[in-house]
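To be precise, the following lines are model12.tsv, and they hold TSV, C-alpha atoms.
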```tsv
chain	number	residue	atom	x	y	z
A	1	MET	CA	-2.02	-9.07	21.99
A	2	ARG	CA	-0.76	-5.55	22.48
A	3	ILE	CA	-1.40	-2.51	20.30
A	4	TYR	CA	1.07	0.36	20.48
A	5	ASP	CA	-0.72	3.44	19.24
A	6	PHE	CA	-1.93	6.97	20.04
A	7	LYS	CA	-5.67	7.27	20.41
A	8	GLY	CA	-7.40	9.70	18.07
A	9	PHE	CA	-4.80	9.64	15.32
A	10	PRO	CA	-5.92	8.41	11.88
A	11	ASN	CA	-3.92	5.20	11.48
A	12	PRO	CA	-4.58	4.04	15.04
A	13	ALA	CA	-8.29	4.61	14.31
A	14	ARG	CA	-8.11	2.14	11.41
A	15	VAL	CA	-7.04	-0.68	13.70
A	16	ARG	CA	-9.35	0.31	16.55
A	17	ILE	CA	-12.33	0.20	14.18
A	18	ALA	CA	-11.22	-3.20	12.83
A	19	LEU	CA	-10.89	-4.50	16.40
A	20	GLU	CA	-14.43	-3.34	17.20
A	21	GLU	CA	-15.84	-4.83	13.98
A	22	LYS	CA	-14.27	-8.18	14.91
A	23	ALA	CA	-15.31	-7.90	18.60
A	24	LEU	CA	-11.66	-8.26	19.61
A	25	THR	CA	-11.05	-5.02	21.51
A	26	ASP	CA	-11.29	-6.77	24.90
A	27	HIS	CA	-8.48	-9.14	23.86
A	28	VAL	CA	-6.01	-6.32	23.40
A	29	GLU	CA	-3.84	-4.33	25.79
A	30	PHE	CA	-3.28	-0.81	24.49
A	31	VAL	CA	0.07	0.89	25.07
A	32	SER	CA	0.13	4.61	24.36
A	33	VAL	CA	3.10	5.90	22.34
A	34	ASP	CA	3.76	9.63	22.76
A	35	VAL	CA	3.72	10.50	19.06
A	36	PRO	CA	3.45	14.29	19.57
A	37	GLY	CA	6.55	13.97	21.80
A	38	GLY	CA	8.43	11.98	19.14
A	39	GLU	CA	8.52	8.65	20.99
A	40	HIS	CA	7.84	6.82	17.71
A	41	LYS	CA	11.19	8.11	16.41
A	42	THR	CA	13.26	6.61	19.25
A	43	PRO	CA	15.53	3.55	18.86
A	44	ALA	CA	13.42	1.69	21.44
A	45	PHE	CA	10.34	2.05	19.27
A	46	ALA	CA	12.29	1.33	16.05
A	47	ALA	CA	12.91	-2.17	17.40
A	48	ARG	CA	9.15	-2.71	17.14
A	49	ASN	CA	8.66	-0.78	13.89
A	50	PRO	CA	11.62	0.54	11.90
A	51	GLY	CA	9.04	2.51	9.92
A	52	ALA	CA	8.65	4.73	13.00
A	53	ALA	CA	4.87	4.81	12.91
A	54	VAL	CA	1.89	3.68	14.95
A	55	PRO	CA	-0.03	1.43	15.27
A	56	VAL	CA	1.98	-1.74	15.88
A	57	LEU	CA	0.42	-5.05	16.88
A	58	GLU	CA	2.62	-7.20	19.13
A	59	LEU	CA	1.66	-10.87	19.23
A	60	GLU	CA	2.10	-13.18	22.24
A	61	ASP	CA	5.29	-14.62	20.69
A	62	GLY	CA	6.81	-11.15	20.39
A	63	THR	CA	6.27	-10.77	16.64
A	64	CYS	CA	5.52	-7.14	15.80
A	65	ILE	CA	3.17	-6.38	12.92
A	66	ALA	CA	3.16	-2.87	11.49
A	67	GLU	CA	1.18	-1.41	8.58
A	68	CYS	CA	-2.59	-1.16	9.01
A	69	THR	CA	-3.40	-3.46	6.10
A	70	ALA	CA	-1.25	-6.19	7.60
A	71	ILE	CA	-2.75	-5.76	11.06
A	72	THR	CA	-6.26	-5.82	9.61
A	73	GLU	CA	-5.47	-9.02	7.68
A	74	TYR	CA	-4.31	-10.57	10.95
A	75	LEU	CA	-7.36	-9.56	12.94
A	76	ASP	CA	-9.74	-10.54	10.16
A	77	HIS	CA	-8.27	-14.05	9.92
A	78	LEU	CA	-7.97	-14.53	13.68
A	79	SER	CA	-11.58	-15.17	14.53
A	80	GLY	CA	-14.69	-15.91	12.54
A	81	GLU	CA	-15.02	-15.53	8.82
A	82	PRO	CA	-13.01	-12.71	7.27
A	83	THR	CA	-15.52	-9.90	7.00
A	84	LEU	CA	-13.28	-6.90	6.38
A	85	THR	CA	-10.96	-8.35	3.72
A	86	GLY	CA	-13.28	-10.71	1.84
A	87	THR	CA	-13.40	-14.46	1.29
A	88	THR	CA	-13.58	-15.04	-2.47
A	89	ALA	CA	-10.74	-14.21	-4.85
A	90	LYS	CA	-12.76	-11.46	-6.49
A	91	ASP	CA	-13.96	-9.89	-3.24
A	92	ARG	CA	-10.42	-9.92	-1.84
A	93	ALA	CA	-9.11	-8.27	-5.02
A	94	VAL	CA	-11.72	-5.52	-5.10
A	95	ILE	CA	-11.30	-4.78	-1.38
A	96	HIS	CA	-7.51	-4.57	-1.62
A	97	MET	CA	-7.75	-2.39	-4.73
A	98	MET	CA	-10.14	0.04	-3.08
A	99	GLN	CA	-8.15	-0.02	0.15
A	100	ARG	CA	-5.04	0.98	-1.77
A	101	ARG	CA	-6.86	3.74	-3.64
A	102	ALA	CA	-8.24	5.13	-0.38
A	103	GLU	CA	-4.78	4.94	1.18
A	104	ALA	CA	-2.66	6.36	-1.63
A	105	GLY	CA	-5.27	8.74	-3.02
A	106	LEU	CA	-6.66	10.12	0.24
A	107	LEU	CA	-4.99	9.17	3.52
A	108	ASP	CA	-1.36	9.30	2.34
A	109	ALA	CA	-2.09	12.40	0.27
A	110	VAL	CA	-3.53	14.20	3.32
A	111	ALA	CA	-0.46	13.07	5.27
A	112	GLY	CA	1.77	14.56	2.58
A	113	TYR	CA	-0.01	17.89	2.95
A	114	PHE	CA	0.02	17.80	6.74
A	115	HIS	CA	3.68	16.87	7.14
A	116	HIS	CA	5.02	19.11	4.36
A	117	ALA	CA	2.81	22.17	3.96
A	118	THR	CA	1.69	22.77	7.56
A	119	PRO	CA	3.64	22.80	10.84
A	120	GLY	CA	2.61	19.15	11.15
A	121	LEU	CA	3.74	17.65	14.46
A	122	GLY	CA	6.23	20.48	15.04
A	123	PRO	CA	9.84	21.23	14.08
A	124	HIS	CA	11.36	18.57	16.36
A	125	ILE	CA	9.53	15.87	14.37
A	126	GLU	CA	9.11	17.42	10.91
A	127	THR	CA	12.83	17.54	10.14
A	128	TYR	CA	12.31	17.54	6.36
A	129	GLN	CA	9.56	19.54	4.71
A	130	ASN	CA	8.89	20.24	1.03
A	131	LYS	CA	6.09	22.78	0.90
A	132	GLU	CA	5.47	22.48	-2.83
A	133	TRP	CA	5.12	18.71	-2.48
A	134	GLY	CA	2.73	19.27	0.40
A	135	GLU	CA	0.52	21.56	-1.67
A	136	LYS	CA	0.57	19.06	-4.55
A	137	SER	CA	-0.45	16.38	-2.07
A	138	LYS	CA	-3.47	18.47	-1.04
A	139	GLU	CA	-4.55	18.55	-4.72
A	140	ARG	CA	-4.17	14.77	-4.81
A	141	ALA	CA	-6.25	14.42	-1.65
A	142	LEU	CA	-9.05	16.50	-3.18
A	143	ASP	CA	-8.84	14.42	-6.38
A	144	GLY	CA	-9.03	11.33	-4.19
A	145	MET	CA	-12.18	12.60	-2.47
A	146	ARG	CA	-13.76	13.29	-5.85
A	147	TYR	CA	-12.91	9.80	-7.09
A	148	LEU	CA	-14.37	8.15	-3.97
A	149	ASP	CA	-17.51	10.27	-4.30
A	150	GLY	CA	-17.96	8.91	-7.83
A	151	VAL	CA	-17.62	5.33	-6.61
A	152	LEU	CA	-20.18	5.99	-3.87
A	153	ALA	CA	-22.66	7.34	-6.43
A	154	LYS	CA	-23.13	3.74	-7.59
A	155	GLN	CA	-22.82	1.64	-4.43
A	156	ALA	CA	-23.21	1.87	-0.66
A	157	TYR	CA	-19.60	1.12	0.27
A	158	LEU	CA	-16.26	1.47	-1.46
A	159	ALA	CA	-15.89	-2.19	-2.38
A	160	GLY	CA	-19.58	-2.88	-3.03
A	161	ASP	CA	-22.57	-3.65	-0.79
A	162	HIS	CA	-20.66	-4.32	2.43
A	163	PHE	CA	-18.50	-2.35	4.83
A	164	THR	CA	-14.84	-3.43	4.46
A	165	MET	CA	-11.25	-2.48	5.16
A	166	ALA	CA	-11.44	-0.04	2.24
A	167	ASP	CA	-14.13	1.98	4.03
A	168	ILE	CA	-12.07	2.01	7.22
A	169	THR	CA	-9.07	3.43	5.36
A	170	ALA	CA	-11.10	6.13	3.65
A	171	PHE	CA	-12.88	7.06	6.89
A	172	ALA	CA	-9.51	7.45	8.61
A	173	GLY	CA	-8.40	9.57	5.67
A	174	LEU	CA	-11.29	11.94	6.36
A	175	ILE	CA	-10.42	12.05	10.08
A	176	PHE	CA	-6.94	13.13	8.99
A	177	ALA	CA	-8.39	15.64	6.50
A	178	ASP	CA	-10.37	17.26	9.34
A	179	PHE	CA	-7.23	17.46	11.44
A	180	ALA	CA	-5.26	18.98	8.54
A	181	LYS	CA	-8.17	21.34	7.76
A	182	ILE	CA	-8.89	20.03	4.26
A	183	ASP	CA	-12.66	20.30	3.84
A	184	ILE	CA	-14.69	17.87	1.77
A	185	PRO	CA	-15.85	19.93	-1.23
A	186	ALA	CA	-19.55	20.79	-0.78
A	187	ASP	CA	-20.65	19.09	-4.00
A	188	LEU	CA	-19.37	15.66	-2.94
A	189	SER	CA	-22.69	14.62	-1.41
A	190	ASN	CA	-22.16	10.87	-1.84
A	191	LEU	CA	-18.95	11.00	0.15
A	192	THR	CA	-20.58	13.11	2.86
A	193	SER	CA	-23.58	10.76	3.14
A	194	TRP	CA	-21.34	7.69	3.26
A	195	ARG	CA	-19.26	9.36	5.97
A	196	SER	CA	-22.36	9.93	8.14
A	197	CYS	CA	-23.41	6.33	7.62
A	198	VAL	CA	-19.98	4.98	8.61
A	199	ALA	CA	-19.73	7.34	11.59
A	200	ALA	CA	-22.98	5.84	12.94
A	201	ARG	CA	-21.61	2.28	13.06
A	202	PRO	CA	-21.21	1.04	16.64
A	203	SER	CA	-17.61	0.02	15.85
A	204	VAL	CA	-16.74	3.54	14.81
A	205	LYS	CA	-18.51	5.22	17.72
A	206	GLN	CA	-16.66	2.93	20.16
A	207	ALA	CA	-13.21	3.16	18.54
B	208	MET	CA	-8.66	-13.10	-17.99
B	209	ARG	CA	-6.85	-10.22	-19.64
B	210	ILE	CA	-3.83	-8.33	-18.35
B	211	TYR	CA	-3.24	-4.82	-19.67
B	212	ASP	CA	0.43	-4.04	-19.14
B	213	PHE	CA	3.76	-3.14	-20.73
B	214	LYS	CA	6.30	-5.93	-20.64
B	215	GLY	CA	9.59	-5.17	-18.91
B	216	PHE	CA	8.27	-2.45	-16.63
B	217	PRO	CA	8.51	-3.03	-12.87
B	218	ASN	CA	4.85	-3.24	-11.83
B	219	PRO	CA	3.91	-5.46	-14.79
B	220	ALA	CA	6.79	-7.74	-13.76
B	221	ARG	CA	5.17	-8.20	-10.32
B	222	VAL	CA	2.03	-9.67	-11.83
B	223	ARG	CA	3.86	-11.69	-14.50
B	224	ILE	CA	6.00	-13.34	-11.81
B	225	ALA	CA	2.89	-14.08	-9.72
B	226	LEU	CA	1.19	-15.62	-12.77
B	227	GLU	CA	4.21	-17.88	-13.38
B	228	GLU	CA	4.42	-18.88	-9.71
B	229	LYS	CA	0.75	-19.88	-9.85
B	230	ALA	CA	1.10	-21.55	-13.30
B	231	LEU	CA	-1.61	-19.26	-14.63
B	232	THR	CA	0.20	-17.48	-17.45
B	233	ASP	CA	-1.46	-19.63	-20.14
B	234	HIS	CA	-4.89	-18.59	-18.85
B	235	VAL	CA	-4.24	-14.92	-19.56
B	236	GLU	CA	-4.42	-12.80	-22.67
B	237	PHE	CA	-1.91	-9.95	-22.54
B	238	VAL	CA	-2.83	-6.59	-24.06
B	239	SER	CA	0.07	-4.17	-24.44
B	240	VAL	CA	-0.54	-0.59	-23.30
B	241	ASP	CA	1.81	1.96	-24.85
B	242	VAL	CA	3.01	3.50	-21.59
B	243	PRO	CA	6.01	5.34	-23.12
B	244	GLY	CA	3.51	6.88	-25.58
B	245	GLY	CA	1.16	7.91	-22.75
B	246	GLU	CA	-1.70	5.52	-23.56
B	247	HIS	CA	-2.20	4.88	-19.82
B	248	LYS	CA	-3.15	8.56	-19.41
B	249	THR	CA	-6.01	8.44	-21.97
B	250	PRO	CA	-9.72	8.50	-21.02
B	251	ALA	CA	-10.16	5.07	-22.64
B	252	PHE	CA	-7.64	3.56	-20.27
B	253	ALA	CA	-8.97	5.54	-17.30
B	254	ALA	CA	-12.22	3.59	-17.66
B	255	ARG	CA	-10.20	0.48	-16.73
B	256	ASN	CA	-8.00	2.17	-14.14
B	257	PRO	CA	-8.58	5.77	-13.04
B	258	GLY	CA	-5.18	5.51	-11.37
B	259	ALA	CA	-3.66	5.63	-14.89
B	260	ALA	CA	-1.20	2.82	-14.29
B	261	VAL	CA	-0.47	-0.68	-15.50
B	262	PRO	CA	-1.00	-3.53	-14.88
B	263	VAL	CA	-4.77	-4.03	-14.83
B	264	LEU	CA	-6.45	-7.43	-14.62
B	265	GLU	CA	-9.79	-7.65	-16.45
B	266	LEU	CA	-12.00	-10.53	-15.36
B	267	GLU	CA	-14.44	-12.39	-17.62
B	268	ASP	CA	-17.35	-10.38	-16.17
B	269	GLY	CA	-15.61	-7.11	-17.10
B	270	THR	CA	-14.48	-6.23	-13.57
B	271	CYS	CA	-11.13	-4.44	-13.71
B	272	ILE	CA	-8.66	-4.97	-10.88
B	273	ALA	CA	-5.77	-2.54	-10.53
B	274	GLU	CA	-3.01	-2.37	-7.89
B	275	CYS	CA	-0.50	-5.22	-7.85
B	276	THR	CA	-1.32	-6.34	-4.32
B	277	ALA	CA	-4.98	-6.72	-5.26
B	278	ILE	CA	-4.18	-8.60	-8.47
B	279	THR	CA	-1.80	-10.90	-6.59
B	280	GLU	CA	-4.47	-11.60	-3.97
B	281	TYR	CA	-6.84	-12.56	-6.77
B	282	LEU	CA	-4.42	-14.87	-8.53
B	283	ASP	CA	-3.27	-16.44	-5.27
B	284	HIS	CA	-6.83	-17.30	-4.26
B	285	LEU	CA	-7.92	-18.43	-7.73
B	286	SER	CA	-6.21	-21.79	-7.86
B	287	GLY	CA	-4.53	-24.05	-5.32
B	288	GLU	CA	-3.54	-23.00	-1.85
B	289	PRO	CA	-2.45	-19.39	-1.46
B	290	THR	CA	1.33	-19.58	-1.67
B	291	LEU	CA	2.27	-15.95	-2.25
B	292	THR	CA	0.05	-14.28	0.36
B	293	GLY	CA	-0.01	-16.88	3.16
B	294	THR	CA	-2.70	-18.99	4.75
B	295	THR	CA	-2.53	-18.38	8.53
B	296	ALA	CA	-3.37	-15.06	10.14
B	297	LYS	CA	0.23	-14.52	11.19
B	298	ASP	CA	1.74	-15.44	7.82
B	299	ARG	CA	-0.70	-13.18	6.02
B	300	ALA	CA	0.15	-10.32	8.36
B	301	VAL	CA	3.92	-10.69	8.02
B	302	ILE	CA	3.69	-11.00	4.23
B	303	HIS	CA	1.47	-7.92	3.89
B	304	MET	CA	3.73	-5.94	6.24
B	305	MET	CA	6.87	-6.82	4.31
B	306	GLN	CA	5.11	-6.26	0.99
B	307	ARG	CA	4.17	-2.77	2.09
B	308	ARG	CA	7.69	-2.01	3.33
B	309	ALA	CA	9.16	-3.19	0.03
B	310	GLU	CA	6.62	-1.12	-1.86
B	311	ALA	CA	6.75	2.14	0.09
B	312	GLY	CA	10.41	1.91	1.09
B	313	LEU	CA	11.88	0.73	-2.19
B	314	LEU	CA	9.65	0.52	-5.26
B	315	ASP	CA	7.62	3.69	-4.69
B	316	ALA	CA	10.74	5.53	-3.51
B	317	VAL	CA	12.59	4.61	-6.71
B	318	ALA	CA	9.52	5.73	-8.67
B	319	GLY	CA	9.62	9.07	-6.85
B	320	TYR	CA	13.24	9.55	-7.90
B	321	PHE	CA	12.62	8.43	-11.47
B	322	HIS	CA	9.54	10.56	-12.08
B	323	HIS	CA	10.78	13.69	-10.29
B	324	ALA	CA	14.59	13.89	-10.48
B	325	THR	CA	15.24	12.35	-13.91
B	326	PRO	CA	13.58	12.94	-17.29
B	327	GLY	CA	11.39	9.94	-16.40
B	328	LEU	CA	9.09	8.98	-19.26
B	329	GLY	CA	9.60	12.35	-20.97
B	330	PRO	CA	8.03	15.81	-20.76
B	331	HIS	CA	4.73	14.78	-22.39
B	332	ILE	CA	4.09	12.38	-19.47
B	333	GLU	CA	6.01	13.94	-16.56
B	334	THR	CA	3.86	17.05	-16.39
B	335	TYR	CA	4.70	17.75	-12.75
B	336	GLN	CA	8.18	17.28	-11.36
B	337	ASN	CA	9.64	18.25	-7.99
B	338	LYS	CA	13.37	17.61	-8.21
B	339	GLU	CA	14.06	18.03	-4.50
B	340	TRP	CA	11.36	15.49	-3.70
B	341	GLY	CA	12.91	13.16	-6.26
B	342	GLU	CA	16.33	13.39	-4.63
B	343	LYS	CA	14.79	12.81	-1.21
B	344	SER	CA	13.04	9.77	-2.65
B	345	LYS	CA	16.40	8.38	-3.79
B	346	GLU	CA	17.67	8.65	-0.21
B	347	ARG	CA	14.55	6.77	0.92
B	348	ALA	CA	15.17	4.07	-1.70
B	349	LEU	CA	18.74	3.58	-0.45
B	350	ASP	CA	17.47	3.45	3.14
B	351	GLY	CA	14.92	0.89	1.97
B	352	MET	CA	17.64	-1.27	0.43
B	353	ARG	CA	19.63	-1.10	3.65
B	354	TYR	CA	16.60	-2.13	5.70
B	355	LEU	CA	15.84	-5.09	3.42
B	356	ASP	CA	19.50	-6.15	3.55
B	357	GLY	CA	19.24	-6.29	7.34
B	358	VAL	CA	16.13	-8.45	7.18
B	359	LEU	CA	17.86	-10.82	4.76
B	360	ALA	CA	20.82	-11.18	7.11
B	361	LYS	CA	18.53	-13.28	9.32
B	362	GLN	CA	16.31	-15.17	6.89
B	363	ALA	CA	16.21	-16.41	3.30
B	364	TYR	CA	13.22	-14.37	2.13
B	365	LEU	CA	11.61	-11.12	3.21
B	366	ALA	CA	8.72	-12.72	5.08
B	367	GLY	CA	10.62	-15.76	6.41
B	368	ASP	CA	11.62	-19.10	4.90
B	369	HIS	CA	9.46	-18.95	1.78
B	370	PHE	CA	9.25	-16.85	-1.36
B	371	THR	CA	6.17	-14.58	-1.20
B	372	MET	CA	4.52	-11.49	-2.63
B	373	ALA	CA	6.91	-9.39	-0.54
B	374	ASP	CA	9.89	-10.77	-2.45
B	375	ILE	CA	8.18	-10.11	-5.76
B	376	THR	CA	7.60	-6.46	-4.81
B	377	ALA	CA	11.20	-5.94	-3.69
B	378	PHE	CA	12.58	-7.69	-6.77
B	379	ALA	CA	10.51	-5.38	-8.99
B	380	GLY	CA	11.83	-2.46	-6.96
B	381	LEU	CA	15.37	-3.47	-7.89
B	382	ILE	CA	14.40	-3.81	-11.57
B	383	PHE	CA	13.16	-0.22	-11.32
B	384	ALA	CA	16.33	0.84	-9.48
B	385	ASP	CA	18.44	-0.53	-12.36
B	386	PHE	CA	16.31	1.36	-14.84
B	387	ALA	CA	16.62	4.58	-12.80
B	388	LYS	CA	20.36	3.97	-12.32
B	389	ILE	CA	20.29	3.65	-8.54
B	390	ASP	CA	22.94	1.06	-7.69
B	391	ILE	CA	22.66	-1.31	-4.76
B	392	PRO	CA	25.40	-0.14	-2.34
B	393	ALA	CA	28.32	-2.59	-2.52
B	394	ASP	CA	28.17	-3.50	1.17
B	395	LEU	CA	24.59	-4.83	0.97
B	396	SER	CA	25.69	-8.40	0.28
B	397	ASN	CA	22.57	-10.04	1.69
B	398	LEU	CA	20.35	-8.09	-0.68
B	399	THR	CA	22.61	-8.89	-3.64
B	400	SER	CA	22.69	-12.62	-2.83
B	401	TRP	CA	18.93	-12.73	-2.36
B	402	ARG	CA	18.49	-10.96	-5.69
B	403	SER	CA	20.59	-13.60	-7.49
B	404	CYS	CA	18.59	-16.34	-5.83
B	405	VAL	CA	15.25	-14.80	-6.85
B	406	ALA	CA	16.48	-14.09	-10.39
B	407	ALA	CA	17.22	-17.81	-10.80
B	408	ARG	CA	13.63	-18.87	-10.06
B	409	PRO	CA	11.92	-20.32	-13.17
B	410	SER	CA	8.99	-17.95	-12.61
B	411	VAL	CA	11.24	-14.93	-12.75
B	412	LYS	CA	13.23	-16.11	-15.75
B	413	GLN	CA	9.98	-16.73	-17.67
B	414	ALA	CA	8.19	-13.56	-16.66
```
Is it possible to give me this structure as C-alpha cells?
Amino acid sequence: MRIYDFKGFPNPARVRIALEEKALTDHVEFVSVDVPGGEHKTPAFAARNPGAAVPVLELEDGTCIAECTAITEYLDHLSGEPTLTGTTAKDRAVIHMMQRRAEAGLLDAVAGYFHHATPGLGPHIETYQNKEWGEKSKERALDGMRYLDGVLAKQAYLAGDHFTMADITAFAGLIFADFAKIDIPADLSNLTSWRSCVAARPSVKQA
Amino acid sequence: MRIYDFKGFPNPARVRIALEEKALTDHVEFVSVDVPGGEHKTPAFAARNPGAAVPVLELEDGTCIAECTAITEYLDHLSGEPTLTGTTAKDRAVIHMMQRRAEAGLLDAVAGYFHHATPGLGPHIETYQNKEWGEKSKERALDGMRYLDGVLAKQAYLAGDHFTMADITAFAGLIFADFAKIDIPADLSNLTSWRSCVAARPSVKQA
C-alpha cells in the first residue's frame, strides 16, 4: 500500500493515527505530495484524487481511495477486528454519527475559516476566498468545540467508552485549529482534558 | 424503531430508500417533523439531534442516531448481509469514498445554493445567508454532476457494478437539485440514464 500525503497536516494525521492504531504503518510506503507548492492541484495528482486533497491510499491493484473515512474503513477491516469503526450495528452508527459531527462541525469548519478568512496556503492555491463565509465558519468551529465538550462531560470518548475514528477526526480538527490560530475556549475543560489524553496515546505520539 | 423526518425532502429520502432496500420499512414508525415550520430548530428536537436536521433514527433504548451515513450503516448491519455499505475492506472503502463525493460534491453543494442563494425555507429559518457562497456552491454542484457523469461512463453504479449507499446519496442530491431548480446539464447523458435506472428501482418508487 502507498499513502500520498503531507506529514503534519490535519487530514494526513487522521490516517497516520489510524495506521498506528492498527499496527499497519510498516506495511505502507509514504509518498510526500508538495501541498504548500500546489502539487495536489495538478492533473497528475487529480488522476489519483479528483478531489485534489491528501491523503490518498493506493492499493496494490492501483485502486486509489480518498476521503479519510473511507481510508479508515479500509484499514480497520484489513486486519484484526474493526476497532476504530465498530462491530455492532449500533456501535457503527454512533461512531459514524460522531465522526461526521466532528468533521462537519469542527474540522471542516476550521478549514472554512483557514481557506477563506486567512491567507491559507497562499494566493497561488487560495484562488477563491469568501471572507464572510470564513468568519462564519470560525463561529461554527467554536460551536463545534462547545458541542464536543458537552459530549465529553458524560463519557471518556466521543462515541462512548472507547477511542474510535470519531476521536481521530476531532483530534485532527484541533491540530488544524492550532494551525489556524483558533484557540479552544478556556471554559471547555472536558475537551482540553480529552485532548491531553488522546495526545498521550502511543499511536498519536508516533503518527 | 422510530424515524423523525419530513417525507419528500432529500435527506429523509436517503433513509427511506435504504429502509426499502433492506425490507425494514414495516419495522419503523415514522414521526413527521414540521421542517418548513421550523420544528427542527426547536430545543425539543435538539435533544434528539443538536445538528437540527432530519432524519433521526431513534432506537428502542432511546439512542438517537443522526446523519444519513450513520443511519444507513445501522440499517445495513441490522439484518442480512450488508448490501448498501459493502462487506470487504475494499468495497467498504470505495463505497464510503463515493458516498462522500456524492454528499460533499453534489448534495451538500446543492444545499449551499438553496440555503444561501435562494429564499430557501423562508426568512424565519434562513437566518444567515451568504449569496456569493450560494452561487459558488451551485458551481460546485454542477462540477459534482460532471464528475459523477464521468464515473458512470465506465460503470453502472457509483461504486461499481452494484447499487449502494453512494447511489442513494447522489440520487437524493438530484432530488434536491430539482427542488432548487438546478438542471442536470444536457450533455451529462450517463448521469441522466443512471438516474432513470435508479428511479425505476422498487425501493425508490416506494420510498
Q) What does the distance between CA of Gly312 (chain B) and CA of Gly351 (chain B) come to in Å, to one decimal place? A)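 Taking CA of Gly312 (chain B) and CA of Gly351 (chain B), their separation equals 4.7 Å.
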Q: Identify all chain B residues at most 6 Å from chain A by counting only C-alpha atoms; ligands do not count. Present them as a PyMOL selection string.
A: chain B and resi 274+277+280-281+284-285+296+300+303-304
Q: Do a neighbour search on Thr169 (chain A) at 7 Å with all atoms listed in the file, toss out local chain neighbours closer than 3 positions, and write the hits as a PyMOL selection string.
A: chain A and resi 14+99+102-103+165-166+172-173
Q: Mind giving me the straight-line distance from CA of Gln155 (chain A) to CA of Ala13 (chain A) in Å, one decimal?
A: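 That distance, rounded to one decimal, is 23.9 Å.
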Q. Separation of CA of Cys197 (chain A) and CA of Leu152 (chain A), in Å?
A.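 Result for CA of Cys197 (chain A) versus CA of Leu152 (chain A): 11.9 Å, one decimal.
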Extending 6 Å beyond the listed atoms of region 234-246 of chain B on each side, what axis-aligned box results? I want centre and edge lengths in Å to one decimal, as lines of an AutoDock Vina configuration file.
```
center_x = 0.6
center_y = -5.3
center_z = -22.2
size_x = 22.9
size_y = 38.5
size_z = 18.7
```
Q: Give me the residues within 12 Å of Phe383 (chain B) as a ChimeraX atom specification, counting only C-alpha atoms and dropping any in the same chain fewer than 2 places off.
A: /B:215-221,310,313-322,327,345,348,376-381,385-391
Residues within 9 Å of Arg146 (chain A), please, as a tab-separated table (two decimals) with C-alpha atoms, in the coordinates of the input. Count all atoms listed in the file; anything in the same chain fewer than 6 positions from it doesn't count.
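Okay, this is what ended up in result-v1.tsv:
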```tsv
chain	number	residue	atom	x	y	z
A	184	ILE	CA	-14.69	17.87	1.77
A	185	PRO	CA	-15.85	19.93	-1.23
A	188	LEU	CA	-19.37	15.66	-2.94
A	191	LEU	CA	-18.95	11.00	0.15
```
Q: Show which residues sit within 12 Å of Phe252 (chain B), as a list in words. Count all atoms listed in the file, and ignore same-chain residues fewer than 2 positions away.
A: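 Those residues are Tyr211, Asp212, Val238, Ser239, Val240, Asp241, Val242, Gly245, Glu246, His247, Lys248, Thr249, Pro250, Ala254, Arg255, Asn256, Pro257, Gly258, Ala259, Ala260, Val261, Pro262, Val263, Cys271 and Ala273 of chain B.
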Q: Could you check which of A:Ala44, A:Gln206, A:Asp149, A:Asp161 is closest to Trp194 (chain A), using all atoms listed in the file?
A: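 Closest candidate: A:Asp149.
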